[in-house]
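Undergrad: Have a peek at upload.cif (mmCIF, C-alpha atoms and all ligand atoms).
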```
data_input
#
loop_
_atom_site.label_atom_id
_atom_site.label_comp_id
_atom_site.auth_asym_id
_atom_site.auth_seq_id
_atom_site.Cartn_x
_atom_site.Cartn_y
_atom_site.Cartn_z
CA MET A 240 -20.63 -6.47 -12.75
CA SER A 241 -17.31 -7.76 -11.51
CA PRO A 242 -15.59 -10.58 -13.40
CA PRO A 243 -15.81 -14.08 -11.91
CA PRO A 244 -12.93 -14.78 -9.53
CA PRO A 245 -10.11 -16.64 -11.25
CA ASN A 246 -9.14 -20.04 -9.94
CA GLU A 247 -5.58 -20.71 -8.83
CA ASP A 248 -4.51 -22.15 -12.16
CA ASP A 249 -5.42 -18.89 -13.89
CA VAL A 250 -3.44 -16.80 -11.44
CA ILE A 251 -0.26 -18.84 -11.52
CA ASN A 252 1.86 -18.74 -14.61
CA HIS A 253 2.13 -21.54 -17.10
CA HIS A 254 5.00 -21.25 -19.48
CA ASP A 255 3.83 -21.93 -22.95
CA SER A 256 7.27 -22.86 -24.27
CA SER A 257 6.72 -25.53 -26.86
CA SER A 258 7.89 -29.08 -26.20
CA VAL A 259 10.64 -28.43 -28.78
CA ASP A 260 11.93 -25.56 -26.59
CA GLN A 261 11.63 -27.77 -23.53
CA LYS A 262 13.86 -30.45 -25.07
CA ARG A 263 16.50 -28.24 -26.69
CA PRO A 264 19.72 -27.73 -24.68
CA ILE A 265 19.64 -24.44 -22.81
CA SER A 266 22.10 -22.04 -24.42
CA THR A 267 21.47 -18.48 -23.21
CA ILE A 268 21.01 -17.50 -19.58
CA VAL A 269 20.33 -14.06 -18.12
CA ILE A 270 21.11 -13.63 -14.41
CA ILE A 271 19.45 -10.62 -12.78
CA ILE A 272 21.30 -9.38 -9.66
CA ALA A 273 20.39 -6.18 -7.77
CA MET A 274 23.66 -5.37 -6.01
CA GLN A 275 27.19 -5.20 -7.36
CA THR A 276 28.52 -6.92 -4.22
CA GLU A 277 26.27 -9.88 -5.04
CA ALA A 278 27.25 -9.89 -8.72
CA LEU A 279 31.06 -9.74 -8.47
CA PRO A 280 31.76 -13.26 -7.09
CA LEU A 281 29.83 -14.64 -10.07
CA VAL A 282 31.43 -12.33 -12.60
CA ASP A 283 34.69 -13.79 -11.32
CA SER A 284 33.52 -17.40 -11.19
CA PHE A 285 32.20 -17.32 -14.79
CA GLN A 286 35.07 -15.04 -15.96
CA LEU A 287 32.67 -12.54 -17.49
CA THR A 288 33.61 -9.13 -18.85
CA GLU A 289 31.69 -5.90 -18.62
CA ASP A 290 30.19 -4.70 -21.92
CA VAL A 291 32.00 -1.72 -23.40
CA ASN A 292 29.07 -0.75 -25.63
CA SER A 293 25.84 -1.01 -23.67
CA LEU A 294 22.90 -2.93 -25.11
CA PHE A 295 20.62 -0.69 -23.11
CA PRO A 296 19.17 2.79 -23.70
CA LYS A 297 21.70 5.62 -23.47
CA GLY A 298 21.88 7.11 -19.99
CA THR A 299 20.63 4.05 -18.09
CA PRO A 300 23.08 2.82 -15.43
CA TRP A 301 22.31 -0.83 -16.30
CA VAL A 302 25.39 -3.02 -16.56
CA ARG A 303 25.88 -6.30 -18.39
CA TYR A 304 28.73 -8.71 -17.67
CA HIS A 305 28.97 -11.32 -20.38
CA GLY A 306 30.88 -14.40 -21.48
CA THR A 307 30.76 -18.10 -22.32
CA TYR A 308 30.95 -20.64 -19.52
CA LYS A 309 30.68 -24.44 -19.98
CA GLY A 310 28.97 -23.97 -23.34
CA LEU A 311 26.46 -21.46 -21.98
CA ASN A 312 26.11 -17.89 -23.10
CA ILE A 313 25.85 -16.07 -19.77
CA SER A 314 24.90 -12.47 -19.06
CA ILE A 315 24.74 -11.03 -15.58
CA ILE A 316 22.58 -7.92 -15.53
CA TRP A 317 23.01 -5.46 -12.68
CA PRO A 318 20.73 -2.38 -12.65
CA GLY A 319 23.75 -0.29 -11.66
CA LYS A 320 24.08 2.68 -9.36
CA ASP A 321 21.23 5.15 -9.02
CA ALA A 322 22.20 8.37 -10.81
CA VAL A 323 20.92 10.60 -8.01
CA THR A 324 22.17 8.85 -4.87
CA GLY A 325 24.97 6.62 -6.17
CA VAL A 326 23.76 3.44 -4.44
CA ASP A 327 22.74 0.13 -6.05
CA SER A 328 19.33 0.37 -7.76
CA VAL A 329 17.64 -2.27 -5.59
CA GLY A 330 13.89 -2.90 -5.56
CA THR A 331 11.07 -3.86 -7.87
CA VAL A 332 11.03 -0.92 -10.28
CA SER A 333 14.62 -1.33 -11.48
CA ALA A 334 14.39 -5.12 -11.37
CA SER A 335 11.38 -5.23 -13.67
CA LEU A 336 12.87 -2.71 -16.10
CA VAL A 337 16.20 -4.52 -16.47
CA THR A 338 14.50 -7.90 -16.72
CA TYR A 339 12.30 -6.58 -19.54
CA ALA A 340 15.19 -4.89 -21.36
CA ALA A 341 17.49 -7.91 -20.99
CA ILE A 342 14.89 -10.36 -22.28
CA GLN A 343 14.13 -8.10 -25.24
CA ALA A 344 17.80 -7.71 -26.09
CA LEU A 345 19.08 -11.23 -25.38
CA GLN A 346 16.08 -13.59 -25.83
CA PRO A 347 17.34 -15.96 -23.10
CA ASP A 348 16.16 -19.55 -22.66
CA LEU A 349 16.17 -19.04 -18.92
CA VAL A 350 16.34 -16.19 -16.40
CA ILE A 351 17.92 -16.63 -12.97
CA ASN A 352 17.23 -14.01 -10.30
CA ALA A 353 19.96 -14.31 -7.70
CA GLY A 354 20.33 -12.24 -4.57
CA THR A 355 20.23 -11.96 -0.83
CA ALA A 356 17.10 -12.13 1.30
CA GLY A 357 15.81 -12.02 4.81
CA GLY A 358 14.77 -15.38 6.27
CA PHE A 359 12.24 -16.50 8.86
CA LYS A 360 13.76 -18.65 11.59
CA ALA A 361 10.24 -19.79 12.53
CA LYS A 362 10.14 -21.46 9.10
CA GLY A 363 13.61 -22.98 9.43
CA ALA A 364 15.79 -20.36 7.74
CA CYS A 365 19.33 -19.67 9.02
CA THR A 366 21.85 -17.07 7.95
CA GLY A 367 23.87 -18.36 4.99
CA ASP A 368 21.16 -20.77 3.79
CA VAL A 369 20.47 -20.70 0.07
CA TYR A 370 16.91 -21.17 -1.16
CA ILE A 371 15.37 -21.91 -4.53
CA ALA A 372 11.99 -20.17 -4.54
CA SER A 373 9.14 -22.40 -5.62
CA GLU A 374 6.79 -19.39 -5.80
CA VAL A 375 7.13 -15.62 -5.64
CA ALA A 376 4.51 -13.07 -4.54
CA PHE A 377 4.27 -9.46 -3.30
CA HIS A 378 3.52 -8.49 0.29
CA ASP A 379 3.17 -4.72 0.00
CA ARG A 380 0.55 -4.35 -2.73
CA ARG A 381 -2.61 -4.25 -0.66
CA ILE A 382 -5.73 -3.71 -2.79
CA PRO A 383 -8.75 -4.79 -0.72
CA ILE A 384 -11.16 -5.11 -3.63
CA PRO A 385 -12.20 -8.56 -4.85
CA VAL A 386 -9.81 -10.01 -7.44
CA PHE A 387 -7.62 -6.86 -7.36
CA ASP A 388 -6.39 -8.29 -4.05
CA LEU A 389 -5.11 -11.34 -5.94
CA TYR A 390 -3.59 -9.15 -8.64
CA GLY A 391 -1.75 -7.25 -5.90
CA VAL A 392 -0.31 -10.45 -4.45
CA GLY A 393 0.89 -11.30 -7.98
CA LEU A 394 1.70 -14.93 -7.28
CA ARG A 395 3.92 -16.61 -9.87
CA ARG A 396 5.65 -19.98 -9.89
CA GLY A 397 9.35 -20.58 -10.46
CA CYS A 398 10.41 -22.96 -13.22
CA SER A 399 9.98 -26.58 -12.16
CA THR A 400 13.42 -28.10 -11.42
CA PRO A 401 12.86 -31.42 -9.63
CA ASN A 402 16.11 -33.04 -10.81
CA LEU A 403 18.24 -30.00 -10.00
CA LEU A 404 16.76 -29.93 -6.48
CA LYS A 405 17.47 -33.63 -6.01
CA GLU A 406 21.07 -33.16 -7.06
CA LEU A 407 21.98 -29.93 -5.24
CA ASP A 408 21.93 -29.33 -1.53
CA LEU A 409 19.67 -26.26 -1.57
CA LYS A 410 16.57 -25.47 0.43
CA VAL A 411 13.20 -24.84 -1.23
CA GLY A 412 10.62 -22.31 -0.07
CA LYS A 413 8.33 -19.50 -1.07
CA LEU A 414 9.66 -15.97 -1.57
CA SER A 415 7.80 -12.77 -0.73
CA THR A 416 8.81 -9.44 -2.29
CA GLY A 417 8.28 -5.84 -1.24
CA ASP A 418 10.03 -2.52 -1.72
CA SER A 419 11.23 -2.17 1.88
CA LEU A 420 14.11 -3.76 3.73
CA ASP A 421 12.33 -3.44 7.05
CA MET A 422 9.04 -5.14 7.91
CA ILE A 423 5.98 -3.39 9.30
CA PRO A 424 3.32 -5.58 11.00
CA HIS A 425 1.04 -5.30 7.96
CA ASP A 426 3.78 -6.67 5.70
CA GLU A 427 4.52 -9.45 8.18
CA ALA A 428 0.87 -10.55 8.06
CA SER A 429 0.95 -10.61 4.23
CA ILE A 430 4.25 -12.50 4.19
CA LEU A 431 2.75 -15.12 6.51
CA ALA A 432 -0.34 -15.23 4.27
CA ASN A 433 2.03 -15.83 1.34
CA ASP A 434 3.52 -18.70 3.39
CA ALA A 435 6.99 -17.35 2.60
CA VAL A 436 10.25 -18.41 4.23
CA VAL A 437 12.37 -15.73 2.53
CA LYS A 438 11.76 -12.04 1.83
CA ASP A 439 13.47 -9.86 -0.75
CA MET A 440 12.96 -6.71 -2.85
CA GLU A 441 13.04 -8.01 -6.44
CA GLY A 442 11.88 -11.63 -6.92
CA ALA A 443 8.17 -11.16 -7.64
CA ALA A 444 8.93 -8.23 -9.96
CA VAL A 445 11.30 -10.41 -12.00
CA GLY A 446 8.64 -13.15 -11.89
CA TYR A 447 6.01 -10.78 -13.26
CA VAL A 448 8.14 -9.91 -16.28
CA THR A 449 9.38 -13.44 -17.01
CA ASP A 450 5.79 -14.67 -16.87
CA LEU A 451 4.65 -11.84 -19.14
CA LEU A 452 7.31 -12.69 -21.73
CA LYS A 453 7.03 -16.47 -21.18
CA VAL A 454 10.61 -17.09 -20.14
CA PRO A 455 11.18 -19.69 -17.40
CA ALA A 456 12.79 -18.29 -14.25
CA ILE A 457 14.72 -19.74 -11.31
CA PHE A 458 15.05 -17.71 -8.09
CA VAL A 459 18.15 -18.29 -5.94
CA LYS A 460 18.13 -16.41 -2.63
CA ALA A 461 20.78 -16.48 0.12
CA VAL A 462 19.82 -15.45 3.65
CA THR A 463 21.73 -12.42 5.01
CA ASP A 464 19.46 -11.70 7.97
CA ILE A 465 16.79 -13.23 10.17
CA VAL A 466 13.69 -11.05 10.05
CA ASP A 467 11.92 -12.64 13.02
CA GLY A 468 15.06 -12.47 15.18
CA ASP A 469 16.21 -9.85 17.66
CA LYS A 470 18.92 -8.07 15.61
CA PRO A 471 18.09 -4.97 13.56
CA THR A 472 17.75 -6.08 9.92
CA SER A 473 19.92 -3.38 8.36
CA GLU A 474 22.80 -4.08 10.76
CA GLU A 475 22.62 -7.84 10.26
CA PHE A 476 22.30 -7.41 6.49
CA LEU A 477 25.41 -5.23 6.24
CA ASN A 478 27.45 -7.43 8.61
CA ASN A 479 26.68 -10.62 6.69
CA LEU A 480 26.51 -9.30 3.13
CA SER A 481 30.01 -10.16 1.95
CA ALA A 482 30.15 -13.66 3.51
CA VAL A 483 26.68 -14.54 2.25
CA THR A 484 27.40 -13.33 -1.28
CA VAL A 485 30.22 -15.92 -1.38
CA ALA A 486 27.66 -18.63 -0.48
CA LEU A 487 25.27 -17.20 -3.08
CA GLY A 488 28.01 -17.25 -5.71
CA LYS A 489 28.80 -20.90 -4.95
CA ALA A 490 25.13 -21.90 -5.15
CA VAL A 491 24.49 -20.08 -8.42
CA THR A 492 27.65 -21.63 -9.89
CA GLN A 493 26.37 -25.10 -8.88
CA VAL A 494 22.99 -24.33 -10.46
CA VAL A 495 24.62 -23.16 -13.70
CA ASP A 496 27.01 -26.18 -13.73
CA TYR A 497 23.96 -28.42 -13.41
CA ILE A 498 22.13 -26.60 -16.22
CA SER A 499 25.08 -26.86 -18.61
CA GLY A 500 24.32 -29.37 -21.40
CA LYS A 501 20.72 -29.88 -20.28
CA SER A 502 17.31 -28.87 -21.58
CA LEU A 503 14.53 -27.26 -19.55
CA ALA A 504 12.72 -30.60 -19.43
CA GLU A 505 15.77 -32.20 -17.79
CA LEU A 506 16.03 -29.70 -14.93
N1 LIG B 601 14.24 -7.80 3.37
C1 LIG B 601 14.15 -7.41 2.09
N2 LIG B 601 15.17 -7.51 1.20
C2 LIG B 601 16.32 -8.04 1.62
C3 LIG B 601 16.47 -8.47 2.94
C4 LIG B 601 15.36 -8.34 3.84
N3 LIG B 601 15.43 -8.71 5.13
N4 LIG B 601 17.72 -8.94 3.08
N5 LIG B 601 18.36 -8.80 1.88
C5 LIG B 601 17.53 -8.27 0.97
C6 LIG B 601 17.93 -7.98 -0.46
C7 LIG B 601 16.95 -7.15 -1.30
O1 LIG B 601 16.41 -7.97 -2.33
C8 LIG B 601 17.79 -6.01 -1.86
O2 LIG B 601 18.29 -6.27 -3.13
C9 LIG B 601 18.94 -5.90 -0.87
O3 LIG B 601 19.12 -7.20 -0.37
C10 LIG B 601 18.65 -4.97 0.29
O4 LIG B 601 18.50 -3.67 -0.07
#
```
The structure in this file should be written as structure tokens.
TA:
Amino acid sequence: MSPPPPNEDDVINHHDSSSVDQKRPISTIVIIIAMQTEALPLVDSFQLTEDVNSLFPKGTPWVRYHGTYKGLNISIIWPGKDAVTGVDSVGTVSASLVTYAAIQALQPDLVINAGTAGGFKAKGACTGDVYIASEVAFHDRRIPIPVFDLYGVGLRRGCSTPNLLKELDLKVGKLSTGDSLDMIPHDEASILANDAVVKDMEGAAVGYVTDLLKVPAIFVKAVTDIVDGDKPTSEEFLNNLSAVTVALGKAVTQVVDYISGKSLAEL
């Protein structure tokens, strides 16, 4: 017999942080960033330094930049360069591993996943826009068996930040994650089913781990390319990457400035 289908409240995460945790000022933040190009403007802005002795298992390429900024203990975690190919370790596998390892090692009050994303112009996205993701889900885990289909989608909610959104000039929308930069028609259908406005390769994986370990997470995604436009995604992505990472860096700095001195309940 198959289990009864879960209702939406069972599928979406609820952080069980106690009300004491909710009211305590946030002190430790982990920022997960997939590409070094995305990380460096923030390393600079927060004046972080790269760890000399790694917190992480010997042999992993995972890099931590760390420092104190406006009373916050900040770590940027970058999964580093792939040992075989030498490129940034983008995608869900590395993202979930570093998120897990960083939470275990640093016990943060909050995780921020920052990065670039593709945007849908049909849903109002433009290149250079920065979104806070209200929800994250996968679009390439198709399991057409009852309830496993929902598991595959893996919907999780970002931390509720109504005051932060009122204060900062950022867009809000749903994020869909998959392990490919391009988009096959099947993925497009799932992304539309997820009602997403932005598409990346890490968000829902980070969301899975933060939900598992009950750490609130904020997703900040800057649009490098328009996926329902006429330009090839990879070309547009590479052309816009450096300009958009500057916009991403500014937005994440604003988010962190807002968080400084506040509790989770105040966000
Ligand atoms: N589709 C999927 N991912 C991305 C994207 C798009 N149109 N634009 N930018 C990205 C992000 C992914 O999350 C990766 O970290 C990186 O940029 C592309 O490899």
Undergrad: Between chain A and ligand LIG 601 (chain B), at 7 Å or less, what are the per-residue closest atom pairs and their distances in Å? Count only C-alpha atoms and all ligand atoms, order by chain and rising residue number, and return it as a tab-separated table.
TA:
```
residue	atom	partner	partner_atom	distance
A:Ala273	CA	B:LIG601	O2	5.1
A:Met274	CA	B:LIG601	O2	6.2
A:Val329	CA	B:LIG601	O2	4.7
A:Gly330	CA	B:LIG601	O2	6.1
A:Gly354	CA	B:LIG601	O1	6.2
A:Thr355	CA	B:LIG601	N5	4.6
A:Ala356	CA	B:LIG601	N5	3.6
A:Gly357	CA	B:LIG601	N3	3.3
A:Gly358	CA	B:LIG601	N3	6.8
A:Gly417	CA	B:LIG601	C1	6.9
A:Ser419	CA	B:LIG601	C1	6.0
A:Leu420	CA	B:LIG601	C1	4.0
A:Asp421	CA	B:LIG601	N1	6.0
A:Lys438	CA	B:LIG601	N1	5.1
A:Asp439	CA	B:LIG601	N2	3.5
A:Met440	CA	B:LIG601	O1	3.7
A:Glu441	CA	B:LIG601	O1	5.3
A:Val462	CA	B:LIG601	N4	6.9
A:Thr463	CA	B:LIG601	N4	5.6
A:Asp464	CA	B:LIG601	N3	5.8
A:Ile465	CA	B:LIG601	N3	6.9
A:Val466	CA	B:LIG601	N3	5.7
A:Thr472	CA	B:LIG601	N3	5.9
A:Phe476	CA	B:LIG601	N4	5.9
```
Undergrad: Quick check, in Å to one decimal: how far apart do atom CA of Ile265 of chain A and atom CA of Thr288 of chain A lie?
TA: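 Separation between atom CA of Ile265 of chain A and atom CA of Thr288 of chain A: 21.1 Å.
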Undergrad: Find the spatial neighbours of segment 293-305 of chain A, counting all atoms listed in the file, within a cut-off of 12 Å - ignore same-chain residues fewer than 5 positions away - and output them as an MDAnalysis selection string.
TA: chainID A and resid 267:275 278:288 311:323 325:329 333:334 336:345
Undergrad: Deliver the residues from the most recent selection as a file, using C-alpha atoms, as a PDB file, in the frame of the given file.
TA:
```pdb
ATOM      1  CA  THR A 267      21.470 -18.480 -23.210  1.00  0.00           C
ATOM      2  CA  ILE A 268      21.010 -17.500 -19.580  1.00  0.00           C
ATOM      3  CA  VAL A 269      20.330 -14.060 -18.120  1.00  0.00           C
ATOM      4  CA  ILE A 270      21.110 -13.630 -14.410  1.00  0.00           C
ATOM      5  CA  ILE A 271      19.450 -10.620 -12.780  1.00  0.00           C
ATOM      6  CA  ILE A 272      21.300  -9.380  -9.660  1.00  0.00           C
ATOM      7  CA  ALA A 273      20.390  -6.180  -7.770  1.00  0.00           C
ATOM      8  CA  MET A 274      23.660  -5.370  -6.010  1.00  0.00           C
ATOM      9  CA  GLN A 275      27.190  -5.200  -7.360  1.00  0.00           C
ATOM     10  CA  ALA A 278      27.250  -9.890  -8.720  1.00  0.00           C
ATOM     11  CA  LEU A 279      31.060  -9.740  -8.470  1.00  0.00           C
ATOM     12  CA  PRO A 280      31.760 -13.260  -7.090  1.00  0.00           C
ATOM     13  CA  LEU A 281      29.830 -14.640 -10.070  1.00  0.00           C
ATOM     14  CA  VAL A 282      31.430 -12.330 -12.600  1.00  0.00           C
ATOM     15  CA  ASP A 283      34.690 -13.790 -11.320  1.00  0.00           C
ATOM     16  CA  SER A 284      33.520 -17.400 -11.190  1.00  0.00           C
ATOM     17  CA  PHE A 285      32.200 -17.320 -14.790  1.00  0.00           C
ATOM     18  CA  GLN A 286      35.070 -15.040 -15.960  1.00  0.00           C
ATOM     19  CA  LEU A 287      32.670 -12.540 -17.490  1.00  0.00           C
ATOM     20  CA  THR A 288      33.610  -9.130 -18.850  1.00  0.00           C
ATOM     21  CA  LEU A 311      26.460 -21.460 -21.980  1.00  0.00           C
ATOM     22  CA  ASN A 312      26.110 -17.890 -23.100  1.00  0.00           C
ATOM     23  CA  ILE A 313      25.850 -16.070 -19.770  1.00  0.00           C
ATOM     24  CA  SER A 314      24.900 -12.470 -19.060  1.00  0.00           C
ATOM     25  CA  ILE A 315      24.740 -11.030 -15.580  1.00  0.00           C
ATOM     26  CA  ILE A 316      22.580  -7.920 -15.530  1.00  0.00           C
ATOM     27  CA  TRP A 317      23.010  -5.460 -12.680  1.00  0.00           C
ATOM     28  CA  PRO A 318      20.730  -2.380 -12.650  1.00  0.00           C
ATOM     29  CA  GLY A 319      23.750  -0.290 -11.660  1.00  0.00           C
ATOM     30  CA  LYS A 320      24.080   2.680  -9.360  1.00  0.00           C
ATOM     31  CA  ASP A 321      21.230   5.150  -9.020  1.00  0.00           C
ATOM     32  CA  ALA A 322      22.200   8.370 -10.810  1.00  0.00           C
ATOM     33  CA  VAL A 323      20.920  10.600  -8.010  1.00  0.00           C
ATOM     34  CA  GLY A 325      24.970   6.620  -6.170  1.00  0.00           C
ATOM     35  CA  VAL A 326      23.760   3.440  -4.440  1.00  0.00           C
ATOM     36  CA  ASP A 327      22.740   0.130  -6.050  1.00  0.00           C
ATOM     37  CA  SER A 328      19.330   0.370  -7.760  1.00  0.00           C
ATOM     38  CA  VAL A 329      17.640  -2.270  -5.590  1.00  0.00           C
ATOM     39  CA  SER A 333      14.620  -1.330 -11.480  1.00  0.00           C
ATOM     40  CA  ALA A 334      14.390  -5.120 -11.370  1.00  0.00           C
ATOM     41  CA  LEU A 336      12.870  -2.710 -16.100  1.00  0.00           C
ATOM     42  CA  VAL A 337      16.200  -4.520 -16.470  1.00  0.00           C
ATOM     43  CA  THR A 338      14.500  -7.900 -16.720  1.00  0.00           C
ATOM     44  CA  TYR A 339      12.300  -6.580 -19.540  1.00  0.00           C
ATOM     45  CA  ALA A 340      15.190  -4.890 -21.360  1.00  0.00           C
ATOM     46  CA  ALA A 341      17.490  -7.910 -20.990  1.00  0.00           C
ATOM     47  CA  ILE A 342      14.890 -10.360 -22.280  1.00  0.00           C
ATOM     48  CA  GLN A 343      14.130  -8.100 -25.240  1.00  0.00           C
ATOM     49  CA  ALA A 344      17.800  -7.710 -26.090  1.00  0.00           C
ATOM     50  CA  LEU A 345      19.080 -11.230 -25.380  1.00  0.00           C
TER      51      LEU A 345
END
```
Undergrad: Could you pull the residues within 6 Å of Tyr370 of chain A, counting all atoms listed in the file, minus those fewer than 4 positions along the same chain, as a list in words?
TA: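 In the requested form, the answer reads Leu409, Lys410, Val411, Val459 and Lys460 of chain A.
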Undergrad: Write a file of the selected residues as a CSV table (one decimal), in the coordinates of the input, keeping C-alpha atoms.
TA:
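Contents of result_37.csv, as written:
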```csv
chain,number,residue,atom,x,y,z
A,409,LEU,CA,19.7,-26.3,-1.6
A,410,LYS,CA,16.6,-25.5,0.4
A,411,VAL,CA,13.2,-24.8,-1.2
A,459,VAL,CA,18.2,-18.3,-5.9
A,460,LYS,CA,18.1,-16.4,-2.6
```
Undergrad: For the atom pair atom CA of Asp348 of chain A and atom CA of Leu394 of chain A, what is the interatomic distance in Å to one decimal place?
TA: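 Interatomic distance, atom CA of Asp348 of chain A to atom CA of Leu394 of chain A: 21.6 Å.
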Undergrad: Please compute the atom CA of Pro455 of chain A-atom CA of Lys405 of chain A distance, one decimal, in Å.
TA: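 Rounded to one decimal, the two atoms are 19.1 Å apart.
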Undergrad: Identify, on the basis of all atoms listed in the file, every residue whose closest approach to Gly393 of chain A does not exceed 9 Å; exclude the query and any residue fewer than 5 positions from it along the same chain; express the result as a ChimeraX atom specification.
TA: /A:250-251,375-377,380,388,443-444,446-447
Undergrad: Using only C-alpha atoms, which protein or nucleic acid residues come within 9 Å of Leu403 of chain A? Drop anything in the same chain fewer than 4 positions from it, and give the result as a PyMOL selection string.
TA: chain A and resi 407+494+497-498+505-506
Undergrad: Smallest atom-to-atom distance to Val445 of chain A: which of A:Ala490, A:Val369, A:Leu503, A:Ile457, using only C-alpha atoms?
TA: A:Ile457
